$ cat start28.csv   # CSV, C-alpha atoms
chain,number,residue,atom,x,y,z
A,1,ASN,CA,32.2,-1.1,-21.1
A,2,PRO,CA,30.1,-1.2,-24.3
A,3,LEU,CA,28.1,1.8,-23.3
A,4,THR,CA,31.2,3.9,-22.9
A,5,SER,CA,32.4,2.8,-26.3
A,6,SER,CA,29.1,3.6,-27.9
A,7,LEU,CA,29.2,7.1,-26.4
A,8,CYS,CA,32.7,7.7,-27.7
A,9,LEU,CA,31.6,6.7,-31.2
A,10,ILE,CA,28.6,9.0,-31.1
A,11,ASP,CA,30.7,11.9,-30.0
A,12,MET,CA,33.0,11.2,-32.9
A,13,LEU,CA,30.1,11.2,-35.4
A,14,LYS,CA,28.8,14.4,-34.0
A,15,GLU,CA,32.2,16.1,-34.4
A,16,GLU,CA,32.5,14.8,-38.0
A,17,ASP,CA,29.0,15.7,-38.9
A,18,GLY,CA,29.8,19.4,-39.4
A,19,ASP,CA,27.6,21.5,-41.6
A,20,GLU,CA,27.0,18.6,-44.0
A,21,GLY,CA,24.9,16.6,-41.6
A,22,THR,CA,21.2,17.2,-41.5
A,23,GLU,CA,19.5,18.8,-38.5
A,24,ILE,CA,17.4,15.6,-38.0
A,25,ARG,CA,20.6,13.5,-37.8
A,26,LYS,CA,22.2,15.8,-35.3
A,27,GLU,CA,19.1,15.8,-33.1
A,28,SER,CA,18.9,12.0,-33.4
A,29,LEU,CA,22.5,11.6,-32.3
A,30,ASP,CA,21.8,13.9,-29.3
A,31,VAL,CA,18.9,11.8,-28.3
A,32,ILE,CA,20.8,8.6,-28.6
A,33,SER,CA,23.7,10.1,-26.7
A,34,ASN,CA,21.6,11.4,-23.9
A,35,SER,CA,19.8,8.0,-23.6
A,36,LEU,CA,23.0,6.1,-23.5
A,37,ARG,CA,24.4,8.4,-20.8
A,38,ARG,CA,21.4,7.8,-18.7
A,39,ILE,CA,21.7,4.1,-19.1
A,40,ASN,CA,25.4,4.3,-18.3
A,41,ASN,CA,24.6,6.3,-15.1
A,42,LEU,CA,22.2,3.6,-14.1
A,43,VAL,CA,24.8,0.9,-14.6
A,44,ASN,CA,27.5,2.8,-12.8
A,45,GLU,CA,25.3,3.5,-9.8
A,46,GLU,CA,23.9,-0.1,-9.8
A,47,LEU,CA,20.4,1.3,-9.7
A,48,ASP,CA,18.6,-1.9,-10.6
A,49,VAL,CA,15.4,-3.4,-9.1
A,50,ASP,CA,17.3,-6.1,-7.2
A,51,SER,CA,19.6,-3.6,-5.6
A,52,ILE,CA,16.6,-1.5,-4.4
A,53,ASP,CA,14.9,-4.6,-3.0
A,54,SER,CA,18.0,-5.7,-1.1
A,55,LYS,CA,18.8,-2.1,0.0
A,56,VAL,CA,22.5,-2.7,-0.3
A,57,PHE,CA,23.4,0.7,-1.7
A,58,GLU,CA,23.6,4.2,-0.3
A,59,LEU,CA,21.4,6.6,-2.2
A,60,LYS,CA,23.2,9.8,-3.3
A,61,TYR,CA,21.2,13.1,-3.3
A,62,GLN,CA,22.0,16.4,-5.0
A,63,LYS,CA,20.3,19.7,-5.6
A,64,ILE,CA,18.5,19.5,-9.0
A,65,ARG,CA,16.1,21.5,-11.1
A,66,PRO,CA,13.3,19.0,-11.9
A,67,ASP,CA,11.7,21.3,-14.5
A,68,LEU,CA,14.9,21.5,-16.6
A,69,ILE,CA,15.2,17.7,-16.5
A,70,ILE,CA,11.6,17.3,-17.6
A,71,LYS,CA,12.1,19.8,-20.5
A,72,GLU,CA,15.2,17.9,-21.7
A,73,LEU,CA,13.3,14.6,-21.6
A,74,ILE,CA,10.4,16.0,-23.6
A,75,GLY,CA,12.8,17.2,-26.2
A,76,ASN,CA,14.3,13.7,-26.5
A,77,TYR,CA,10.9,12.4,-27.6
A,78,GLY,CA,10.4,15.2,-30.2
A,79,TYR,CA,11.0,13.0,-33.3
A,80,LEU,CA,8.8,10.1,-32.0
A,81,LEU,CA,6.0,12.5,-31.0
A,82,ASP,CA,6.1,14.2,-34.4
A,83,GLN,CA,5.8,10.8,-36.1
A,84,LYS,CA,2.6,10.0,-34.1
A,85,ARG,CA,1.4,13.6,-34.3
A,86,ILE,CA,1.0,13.7,-30.5
A,87,GLU,CA,0.8,17.1,-28.9
A,88,VAL,CA,2.6,17.5,-25.6
A,89,THR,CA,1.8,20.4,-23.3
A,90,SER,CA,3.7,21.2,-20.1
A,91,ASN,CA,3.3,23.5,-17.1
A,92,LEU,CA,6.4,23.3,-15.0
A,93,ASP,CA,7.1,25.3,-11.9
A,94,LYS,CA,10.7,26.4,-11.5
A,95,THR,CA,12.0,24.9,-8.2
A,96,GLU,CA,15.0,23.3,-6.6
A,97,THR,CA,15.1,20.2,-4.4
A,98,GLU,CA,17.4,17.5,-3.4
A,99,LEU,CA,16.8,14.2,-5.1
A,100,ASN,CA,18.8,11.5,-6.7
A,101,LYS,CA,19.1,12.9,-10.2
A,102,VAL,CA,19.5,9.5,-12.0
A,103,TYR,CA,16.4,8.1,-10.2
A,104,PHE,CA,14.3,11.2,-10.9
A,105,THR,CA,15.3,11.3,-14.5
A,106,GLN,CA,14.4,7.6,-15.0
A,107,ILE,CA,11.1,8.1,-13.2
A,108,VAL,CA,10.1,10.9,-15.6
A,109,ASP,CA,11.5,9.1,-18.7
A,110,ASN,CA,9.5,5.9,-17.8
A,111,LEU,CA,6.2,7.9,-17.3
A,112,ILE,CA,6.7,9.8,-20.6
A,113,SER,CA,7.5,6.6,-22.4
A,114,ASN,CA,4.4,4.9,-21.0
A,115,ALA,CA,2.2,7.9,-22.0
A,116,PHE,CA,3.6,7.8,-25.5
A,117,LYS,CA,3.0,4.1,-25.9
A,118,VAL,CA,-0.7,4.2,-24.9
A,119,THR,CA,-1.7,7.5,-26.4
A,120,PRO,CA,-3.1,7.1,-30.0
A,121,ALA,CA,-1.9,9.1,-33.0
A,122,GLU,CA,-3.0,12.7,-32.9
A,123,GLY,CA,-3.6,12.4,-29.2
A,124,LYS,CA,-2.4,14.6,-26.4
A,125,ILE,CA,-0.1,14.3,-23.4
A,126,SER,CA,0.2,16.8,-20.6
A,127,ILE,CA,3.0,17.1,-18.0
A,128,ASN,CA,2.7,19.3,-15.0
A,129,LEU,CA,5.1,20.0,-12.2
A,130,SER,CA,3.8,21.9,-9.2
A,131,ASP,CA,5.6,23.3,-6.2
A,132,GLN,CA,3.2,23.0,-3.4
A,133,GLY,CA,5.4,24.4,-0.7
A,134,LYS,CA,6.6,21.3,1.2
A,135,LYS,CA,5.8,18.9,-1.6
A,136,LEU,CA,6.7,18.6,-5.3
A,137,LEU,CA,4.0,17.1,-7.4
A,138,LEU,CA,4.6,15.6,-10.9
A,139,GLU,CA,1.5,14.7,-13.1
A,140,VAL,CA,1.6,13.0,-16.4
A,141,ASN,CA,-1.7,12.6,-18.3
A,142,ASP,CA,-2.3,10.5,-21.3
A,143,GLU,CA,-5.2,9.7,-23.7
A,144,GLY,CA,-4.7,6.0,-23.6
A,145,PRO,CA,-7.5,3.4,-23.1
A,146,GLY,CA,-7.5,3.9,-19.4
A,147,LEU,CA,-7.5,1.4,-16.6
A,148,THR,CA,-10.1,-0.5,-14.6
A,149,GLU,CA,-10.0,-0.1,-10.8
A,150,GLU,CA,-8.4,-3.5,-10.4
A,151,LYS,CA,-5.7,-2.8,-13.0
A,152,ALA,CA,-5.0,0.6,-11.5
A,153,ARG,CA,-4.4,-1.0,-8.1
A,154,GLU,CA,-2.0,-3.5,-9.5
A,155,ILE,CA,-0.3,-1.5,-12.3
A,156,PHE,CA,2.9,-0.8,-10.3
A,157,SER,CA,3.4,-4.5,-9.2
A,158,ILE,CA,2.5,-6.1,-12.5
A,159,TYR,CA,6.1,-6.9,-13.3
A,160,GLU,CA,6.6,-9.1,-10.2
A,161,ARG,CA,3.6,-11.3,-11.1
A,162,GLN,CA,4.6,-11.6,-14.7
A,163,THR,CA,8.2,-12.6,-14.1
A,164,ALA,CA,6.9,-15.6,-12.1
A,165,MET,CA,4.5,-16.6,-14.9
A,166,GLN,CA,6.3,-15.8,-18.1
A,167,ASP,CA,8.8,-17.6,-20.3
A,168,GLN,CA,12.2,-16.4,-19.1
A,169,HIS,CA,13.2,-15.5,-22.7
A,170,LYS,CA,10.3,-13.2,-23.1
A,171,PRO,CA,10.8,-9.7,-21.6
A,172,PRO,CA,8.0,-8.9,-19.2
A,173,GLU,CA,5.7,-5.9,-19.6
A,174,GLY,CA,5.2,-3.3,-16.9
A,175,LEU,CA,8.8,-3.1,-15.8
A,176,GLY,CA,8.9,0.7,-16.4
A,177,LEU,CA,6.1,1.4,-14.0
A,178,ALA,CA,7.5,-1.1,-11.5
A,179,ILE,CA,10.8,0.9,-11.5
A,180,VAL,CA,8.9,4.2,-11.1
A,181,LYS,CA,7.3,2.8,-8.0
A,182,LYS,CA,10.6,1.4,-6.5
A,183,TYR,CA,12.6,4.5,-7.3
A,184,THR,CA,9.9,6.8,-5.9
A,185,ASP,CA,9.7,4.7,-2.7
A,186,ALA,CA,13.5,4.8,-2.4
A,187,MET,CA,13.4,8.6,-2.2
A,188,ASP,CA,10.5,8.7,0.3
A,189,GLY,CA,8.0,9.7,-2.3
A,190,LYS,CA,4.5,8.6,-3.3
A,191,VAL,CA,3.2,7.4,-6.6
A,192,TRP,CA,-0.4,6.7,-7.7
A,193,VAL,CA,-2.6,6.6,-10.8
A,194,GLU,CA,-6.1,7.9,-11.4
A,195,SER,CA,-7.9,6.4,-14.4
A,196,ALA,CA,-11.1,5.0,-15.8
A,197,PRO,CA,-11.7,2.8,-18.9
A,198,GLY,CA,-12.0,5.0,-22.0
A,199,LYS,CA,-10.8,8.2,-20.2
A,200,GLY,CA,-7.0,7.9,-20.2
A,201,SER,CA,-4.8,7.9,-17.1
A,202,SER,CA,-3.1,10.4,-14.9
A,203,PHE,CA,0.0,9.3,-13.1
A,204,PHE,CA,1.1,11.3,-10.0
A,205,VAL,CA,4.5,11.3,-8.2
A,206,GLU,CA,5.0,13.4,-5.1
A,207,PHE,CA,8.3,14.1,-3.3
A,208,PRO,CA,9.1,16.2,-0.2
A,209,ILE,CA,10.9,19.4,-1.1
A,210,VAL,CA,14.3,19.4,0.6
A,211,THR,CA,16.7,22.3,0.3
A,212,SER,CA,19.2,21.4,3.0
A,213,LYS,CA,21.8,18.6,3.0
A,214,ARG,CA,20.4,15.2,3.9

$ encode --input "start28.csv" --output "structure tokens"
Amino acid sequence: NPLTSSLCLIDMLKEEDGDEGTEIRKESLDVISNSLRRINNLVNEELDVDSIDSKVFELKYQKIRPDLIIKELIGNYGYLLDQKRIEVTSNLDKTETELNKVYFTQIVDNLISNAFKVTPAEGKISINLSDQGKKLLLEVNDEGPGLTEEKAREIFSIYERQTAMQDQHKPPEGLGLAIVKKYTDAMDGKVWVESAPGKGSSFFVEFPIVTSKR
């Protein structure tokens, strides 16, 4: 498994770095390591779009702290955010619920990645997590160009249309948001976007709060 080999090499580099390595290098290695581990988890659990569509897998749930996962992911983008001078603010309720950790992590990662891509330099991104009693609401706001009503309705299914139209050697756009939709649906959640041209976008993901074994 090339991912496992890469992770082993990164661990070796981190151990050899010692006091001589720069702080930026150490932080970069941590980000790469965390990213590769998430990819490795996705591969190992076969959490791909085709598997979700065919429903041939059994989803595993565990008790997680969504706020801590979000904080870690924001930290992973620290260097990139600094380069674009983007300010990120967060308001995260501390709560526990049962979700698939790999799915939830990928949902948040894809939403932050999307916000980073569309937000201009010196812009702002806000991430909020709200415990609403029986529901957990995640909100990611960006200062991108915004979406028309038609684009907002289609944004989560754009990948399916593009794969039918594009050259097979050209990677389609919109896969990240398509995965957000499929992973959210798989965990009985809801996802939607509120947007307008020139006013940025707000992506919402809502899950039922579950504290007992499923």

$ closest_residue --input "start28.csv" --among "A:Ala115, A:Leu99, A:Leu147, A:Ala178" --to "Leu59 of chain A" --atoms "all atoms listed in the file"
A:Leu99

$ residues_near_point --input "start28.csv" --point "(-3.3, 0.8, -19.8)" --cutoff "9 Å" --atoms "all atoms listed in the file" --output "PyMOL selection string"
chain A and resi 114+118+144-148+151-152+155+197+200-201

$ atom_distance --input "start28.csv" --atom1 "atom CA of Lys135 of chain A" --atom2 "atom CA of Gly176 of chain A"
23.7 Å

$ atom_distance --input "start28.csv" --atom1 "atom CA of Gln83 of chain A" --atom2 "atom CA of Lys71 of chain A"
19.1 Å

$ closest_residue --input "start28.csv" --among "A:Leu36, A:Met187, A:Val88, A:Leu138" --to "Lys124 of chain A" --atoms "only C-alpha atoms"
A:Val88

$ atom_distance --input "start28.csv" --atom1 "atom CA of Phe156 of chain A" --atom2 "atom CA of Glu58 of chain A"
23.5 Å

$ closest_residue --input "start28.csv" --among "A:Phe203, A:Ile125, A:Lys190, A:Val210" --to "Tyr61 of chain A" --atoms "only C-alpha atoms"
A:Val210

$ residues_around --input "start28.csv" --residues "Gln62 of chain A" --least-positions-apart "3" --cutoff "8 Å" --atoms "only C-alpha atoms" --output "ChimeraX atom specification"
/A:97-101

$ closest_residue --input "start28.csv" --among "A:Asn110, A:Ser130, A:Ser157, A:Thr119" --to "Ile86 of chain A" --atoms "only C-alpha atoms"
A:Thr119

$ residues_around --input "start28.csv" --residues "Arg85 of chain A" --least-positions-apart "3" --cutoff "7 Å" --atoms "all atoms listed in the file" --output "PDB file with C-alpha atoms, in the frame of the given file"
ATOM      1  CA  LEU A  81       6.000  12.500 -31.000  1.00  0.00           C
ATOM      2  CA  ASP A  82       6.100  14.200 -34.400  1.00  0.00           C
ATOM      3  CA  ALA A 121      -1.900   9.100 -33.000  1.00  0.00           C
ATOM      4  CA  GLU A 122      -3.000  12.700 -32.900  1.00  0.00           C
TER       5      GLU A 122
END

$ residues_around --input "start28.csv" --residues "Val180 of chain A" --least-positions-apart "2" --cutoff "9 Å" --atoms "all atoms listed in the file" --output "ChimeraX atom specification"
/A:103-104,106-108,110-111,156,175-178,182-185,191,205
